[in-house]
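One structure is given here, and the rest of the page talks about it.
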Amino acid sequence: ISSKPTLTTKFSKVSLRSNHFGLKFQEALQIKRYNISIQGEPQGGSNDLIFSICQKIKSQLDKTFESNCYHVSGKVLYLWSYTGFPNDHLQEVTLRNQDTSIDFQQVPGQLTLADVQKESVANKSELLQAINVWFAAVMSKLGLKELGGSSGQFFNLDKIEGEIQDQLIVYSGFKISPEVYQGNQLKLLVDCQTRVVSKWTLLEQYEYDMDQGMGEREFADSFIGDTFLHTPTNRKITIDGFDMNLDPPANPHAQFKTYSEFYTKCLGQTHIDANQFLVYTSKRTSRFNKDGKKISEETKTYYLPSSLTRTGMTDDQKNDRTMMKDTAIYTKIEPGIREKMQNDFLVNHLLKTFNSDARFKDSASLAVTSNLTALRVCKP
């Protein structure tokens, strides 16, 4: 194909297959949002604590909102309906789980997802965020979990696609990304994805390296700046530092005395070693005090190393040609196989959920067959 076409260059029309599929939401589908906070917790509680408690009070949520068509994302509950909201008057409510009180405060205004395709929409980013949350609920119904926060990448964590030299494991899944394109066309990107993570937790790596004679400071320095997967929440974090003391710093969760108790009771982890060290991520923020002086503050979030696994491959693993070849068996997918996997997922899983599950039925339509794109290219 000519890289520098001229006025006399001949063009020919070809059709290319695309993994972007036409998406349309029903006009009646609307979303209400409620901000969530836990009484007595700093900043209203962490996302992890909020999600855990919302799971425990699911029956209360169903009864309060008279619906099970909702999904919790971060500190917001998204509630959707295309027949109106039974409790439309509900502005705020407080629910309880044992000794914990959790508040729900309605965000002003409702979102109509179909508006995202209109010519000029002031809240288009809010609409796209709501659509992403709606799809996260669909993927959760299919047993796929989102890795790395709001990444749009969902994997079946109950099935290991492959193991590489007893060091790495591979998960497979799909990337789901709704986006508005030229001409206000709403399309859904569906693409095959793989994720490579370490088979060892950071605590297991620490125990191994200590047995090999490595010092604690050398161990810590070798991991600062690296990205890990926090397995209880499926979020990615970047390690900023280590706290090797056995006595952890002040626990940020008011209702738990230790981090071990938080992980056991809130995140459902078992066999927690109470004597393990901690790692943390740090975030620096600025505020003005009462005298108008700007103050810089550092907030640290701590994690147990037994809950962290490294994502991706180390430099040594990447330089191992045999390991790279073994990994490519799972991560390199031929175009024909990729298209077949994508279409199978769309027809037999995604569309099936759209058409059969009461939470999502009649909410949206997806044009699976119209994924041919016409393109004019220079004639070779």
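Order determines the names: the first chain of the structure tokens is A, the second B, and so forth; residues in each chain are numbered 1 upward, and ligands are numbered 1 upward as they are shown.
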**Message:** When you look at stretch 138-140 of chain A with a cut-off of 8 Å (counting only C-alpha atoms), what residues show up, excluding the ones that are within fewer than 2 positions of it in the same chain? I need them as a ChimeraX atom specification.
**Reply:** /A:134-136,142-145,154,350,353,360
Grab the residues selected above and save them as a PDB file, in the first residue's frame with N, CA and C atoms.
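Once written, out04.pdb looks like this:
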```
ATOM      1  N   TRP A 134     -22.846  -0.137  34.230  1.00  0.00           N
ATOM      2  CA  TRP A 134     -23.910  -1.055  33.811  1.00  0.00           C
ATOM      3  C   TRP A 134     -23.314  -2.318  33.201  1.00  0.00           C
ATOM      4  N   PHE A 135     -22.292  -2.156  32.358  1.00  0.00           N
ATOM      5  CA  PHE A 135     -21.640  -3.327  31.762  1.00  0.00           C
ATOM      6  C   PHE A 135     -20.852  -4.118  32.802  1.00  0.00           C
ATOM      7  N   ALA A 136     -20.295  -3.454  33.808  1.00  0.00           N
ATOM      8  CA  ALA A 136     -19.616  -4.173  34.884  1.00  0.00           C
ATOM      9  C   ALA A 136     -20.590  -5.089  35.606  1.00  0.00           C
ATOM     10  N   LEU A 142     -21.996 -12.692  34.518  1.00  0.00           N
ATOM     11  CA  LEU A 142     -21.374 -13.746  33.724  1.00  0.00           C
ATOM     12  C   LEU A 142     -20.195 -14.409  34.445  1.00  0.00           C
ATOM     13  N   GLY A 143     -19.923 -13.971  35.682  1.00  0.00           N
ATOM     14  CA  GLY A 143     -18.833 -14.574  36.448  1.00  0.00           C
ATOM     15  C   GLY A 143     -17.466 -14.036  36.100  1.00  0.00           C
ATOM     16  N   LEU A 144     -17.404 -12.878  35.426  1.00  0.00           N
ATOM     17  CA  LEU A 144     -16.126 -12.268  35.056  1.00  0.00           C
ATOM     18  C   LEU A 144     -15.865 -11.075  35.953  1.00  0.00           C
ATOM     19  N   LYS A 145     -14.642 -10.970  36.456  1.00  0.00           N
ATOM     20  CA  LYS A 145     -14.298  -9.916  37.398  1.00  0.00           C
ATOM     21  C   LYS A 145     -13.330  -8.923  36.754  1.00  0.00           C
ATOM     22  N   PHE A 154     -12.109  -7.714  31.948  1.00  0.00           N
ATOM     23  CA  PHE A 154     -12.788  -8.678  32.809  1.00  0.00           C
ATOM     24  C   PHE A 154     -12.252 -10.088  32.543  1.00  0.00           C
ATOM     25  N   LEU A 350     -23.051 -12.518  26.134  1.00  0.00           N
ATOM     26  CA  LEU A 350     -23.501 -11.145  26.338  1.00  0.00           C
ATOM     27  C   LEU A 350     -24.948 -10.941  25.889  1.00  0.00           C
ATOM     28  N   THR A 353     -27.519 -12.783  27.962  1.00  0.00           N
ATOM     29  CA  THR A 353     -27.828 -12.092  29.211  1.00  0.00           C
ATOM     30  C   THR A 353     -28.777 -10.933  28.958  1.00  0.00           C
ATOM     31  N   PHE A 360     -31.459  -7.032  33.078  1.00  0.00           N
ATOM     32  CA  PHE A 360     -30.949  -6.321  31.902  1.00  0.00           C
ATOM     33  C   PHE A 360     -31.854  -6.430  30.677  1.00  0.00           C
TER      34      PHE A 360
END
```
For A:Thr231, list every protein, DNA or RNA residue within 8 Å, evaluated using only C-alpha atoms, and leave out those in the same chain fewer than 6 positions away; present the list as a CSV table (one decimal) with all heavy atoms, in the first residue's frame.
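Once written, out.csv looks like this:
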```csv
chain,number,residue,atom,x,y,z
A,307,SER,N,-1.7,-10.6,50.4
A,307,SER,CA,-2.8,-10.4,49.5
A,307,SER,C,-2.4,-9.8,48.1
A,307,SER,O,-3.2,-9.4,47.3
A,307,SER,CB,-3.8,-9.4,50.2
A,307,SER,OG,-3.1,-8.1,50.3
A,308,LEU,N,-1.0,-9.7,47.9
A,308,LEU,CA,-0.5,-9.1,46.7
A,308,LEU,C,0.3,-10.1,45.8
A,308,LEU,O,1.1,-10.9,46.3
A,308,LEU,CB,0.5,-7.9,47.1
A,308,LEU,CG,-0.1,-6.8,47.9
A,308,LEU,CD1,1.0,-5.8,48.3
A,308,LEU,CD2,-1.2,-6.1,47.1
A,309,THR,N,0.0,-10.0,44.5
A,309,THR,CA,0.7,-10.8,43.5
A,309,THR,C,1.2,-9.8,42.4
A,309,THR,O,0.4,-9.0,42.0
A,309,THR,CB,-0.1,-11.9,42.9
A,309,THR,OG1,-1.3,-11.4,42.4
A,309,THR,CG2,-0.5,-13.0,44.0
```
Tell me, as a compact mmCIF listing (two decimals) with all heavy atoms, in the first residue's frame, which residues lie within 8 Å of A:Val93, counting only C-alpha atoms; anything in the same chain fewer than 6 positions away does not count.
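Done, and the output landed in part.txt:
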```txt
# COMPACT_ATOMS: atom_id res chain seq x y z
N ASP A 103 -24.78 5.18 55.14
CA ASP A 103 -25.69 6.19 54.61
C ASP A 103 -25.70 6.19 53.08
O ASP A 103 -24.65 6.06 52.45
CB ASP A 103 -25.28 7.59 55.09
CG ASP A 103 -25.34 7.73 56.61
OD1 ASP A 103 -26.22 7.10 57.22
OD2 ASP A 103 -24.50 8.46 57.16
N PHE A 104 -26.90 6.40 52.52
CA PHE A 104 -27.07 6.52 51.07
C PHE A 104 -27.73 7.87 50.79
O PHE A 104 -28.83 8.13 51.27
CB PHE A 104 -27.94 5.39 50.52
CG PHE A 104 -27.32 4.03 50.66
CD1 PHE A 104 -27.40 3.32 51.87
CD2 PHE A 104 -26.64 3.46 49.61
CE1 PHE A 104 -26.83 2.07 52.00
CE2 PHE A 104 -26.05 2.20 49.72
CZ PHE A 104 -26.14 1.51 50.92
N GLN A 105 -27.05 8.74 50.04
CA GLN A 105 -27.54 10.08 49.73
C GLN A 105 -27.69 10.21 48.22
O GLN A 105 -26.74 10.03 47.47
CB GLN A 105 -26.56 11.13 50.24
CG GLN A 105 -26.97 12.57 49.95
CD GLN A 105 -28.05 13.07 50.88
OE1 GLN A 105 -28.03 12.78 52.07
NE2 GLN A 105 -29.01 13.81 50.34
```
**Message:** To test your reading of the structure, identify every residue in stretch 120-369 of chain A that backbone DSSP assigns to strand (DSSP E or B), and report it as number ranges by chain.
**Reply:** A: 145-146, 153-155, 162-164, 168-181, 185-201, 227-230, 235-238, 241-243, 278-288, 294-303, 308-311, 364-367
**Near-A:Val133 list (9 Å; only C-alpha atoms; drop same-chain fewer than 4 positions) as number ranges by chain** = A: 71-73, 78, 128-129, 137-138, 150
Filtering to C-alpha atoms, could you give me those residues as a compact mmCIF listing (two decimals), in the first residue's frame?
```txt
# COMPACT_ATOMS: atom_id res chain seq x y z
CA HIS A 71 -24.43 -2.11 41.09
CA VAL A 72 -21.93 -0.62 43.55
CA SER A 73 -18.90 1.08 42.02
CA TYR A 78 -26.06 2.93 40.52
CA LEU A 128 -20.26 6.93 29.69
CA GLN A 129 -19.22 6.22 33.27
CA ALA A 137 -22.87 -5.47 36.37
CA VAL A 138 -23.49 -7.55 33.24
CA SER A 150 -12.16 0.61 36.26
```
**Asked** Do you know which residues are at most 7 Å from A:Gln39 counting only C-alpha atoms, after dropping those on the same chain fewer than 4 positions away, and could you put them as a ChimeraX atom specification?
**Response** /A:44,101-102
Hey, can you spit out that residue selection with C-alpha atoms as a tab-separated table (two decimals), in the first residue's frame?
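Okay, this is what ended up in out30.tsv:
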```tsv
chain	number	residue	atom	x	y	z
A	44	GLY	CA	-16.71	7.78	54.72
A	101	SER	CA	-24.40	2.40	59.93
A	102	ILE	CA	-24.13	3.10	56.21
```
**Prompt:** Near A:Thr311, counting only C-alpha atoms, which residues have an atom at most 10 Å away, once you skip same-chain residues fewer than 2 positions from it, shown as a PyMOL selection string?
**Reply:** chain A and resi 168-169+195-199+226-230+236-237+308-309+313-314
Output C-alpha atoms of each residue in that selection to a file, as a PDB file, in the first residue's frame.
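Once everything was written out, this is result-v3.pdb:
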```pdb
ATOM      1  CA  LEU A 168       3.472 -17.431  36.328  1.00  0.00           C
ATOM      2  CA  ILE A 169      -0.223 -18.038  35.708  1.00  0.00           C
ATOM      3  CA  ARG A 195      -3.377 -11.251  32.025  1.00  0.00           C
ATOM      4  CA  VAL A 196      -0.112 -12.683  33.339  1.00  0.00           C
ATOM      5  CA  VAL A 197       0.422 -12.621  37.121  1.00  0.00           C
ATOM      6  CA  SER A 198       2.921 -14.187  39.466  1.00  0.00           C
ATOM      7  CA  LYS A 199       2.042 -17.521  41.018  1.00  0.00           C
ATOM      8  CA  ASP A 226       6.461  -2.317  40.984  1.00  0.00           C
ATOM      9  CA  THR A 227       2.800  -3.002  40.189  1.00  0.00           C
ATOM     10  CA  PHE A 228       0.896  -5.664  42.110  1.00  0.00           C
ATOM     11  CA  LEU A 229      -2.608  -7.058  42.034  1.00  0.00           C
ATOM     12  CA  HIS A 230      -4.516  -6.759  45.316  1.00  0.00           C
ATOM     13  CA  LYS A 236      -3.760  -2.806  40.860  1.00  0.00           C
ATOM     14  CA  ILE A 237      -1.463  -0.881  43.187  1.00  0.00           C
ATOM     15  CA  LEU A 308      -0.496  -9.083  46.698  1.00  0.00           C
ATOM     16  CA  THR A 309       0.729 -10.793  43.536  1.00  0.00           C
ATOM     17  CA  MET A 313       6.780 -10.337  34.024  1.00  0.00           C
ATOM     18  CA  THR A 314      10.081  -9.302  35.566  1.00  0.00           C
TER      19      THR A 314
END
```
**Message:** Ranking A:Ser222, A:Thr64, A:Ser172, A:Asn132 by minimum distance to A:Ile160 and counting only C-alpha atoms, which one comes first?
**Reply:**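 Checking each candidate against A:Ile160, we get A:Ser172 as the closest.
Comparing A:Asn35, A:Gln165, A:Gln30, A:Gln60 by their smallest distance to A:Phe85, the closest is A:Gln30 (using only C-alpha atoms).
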**Request:** Would you mind listing what lies within 12 Å of A:Pro108 as a ChimeraX atom specification, with only C-alpha atoms counted and same-chain residues fewer than 5 positions away left out?
**Result:** /A:31-35,88-92
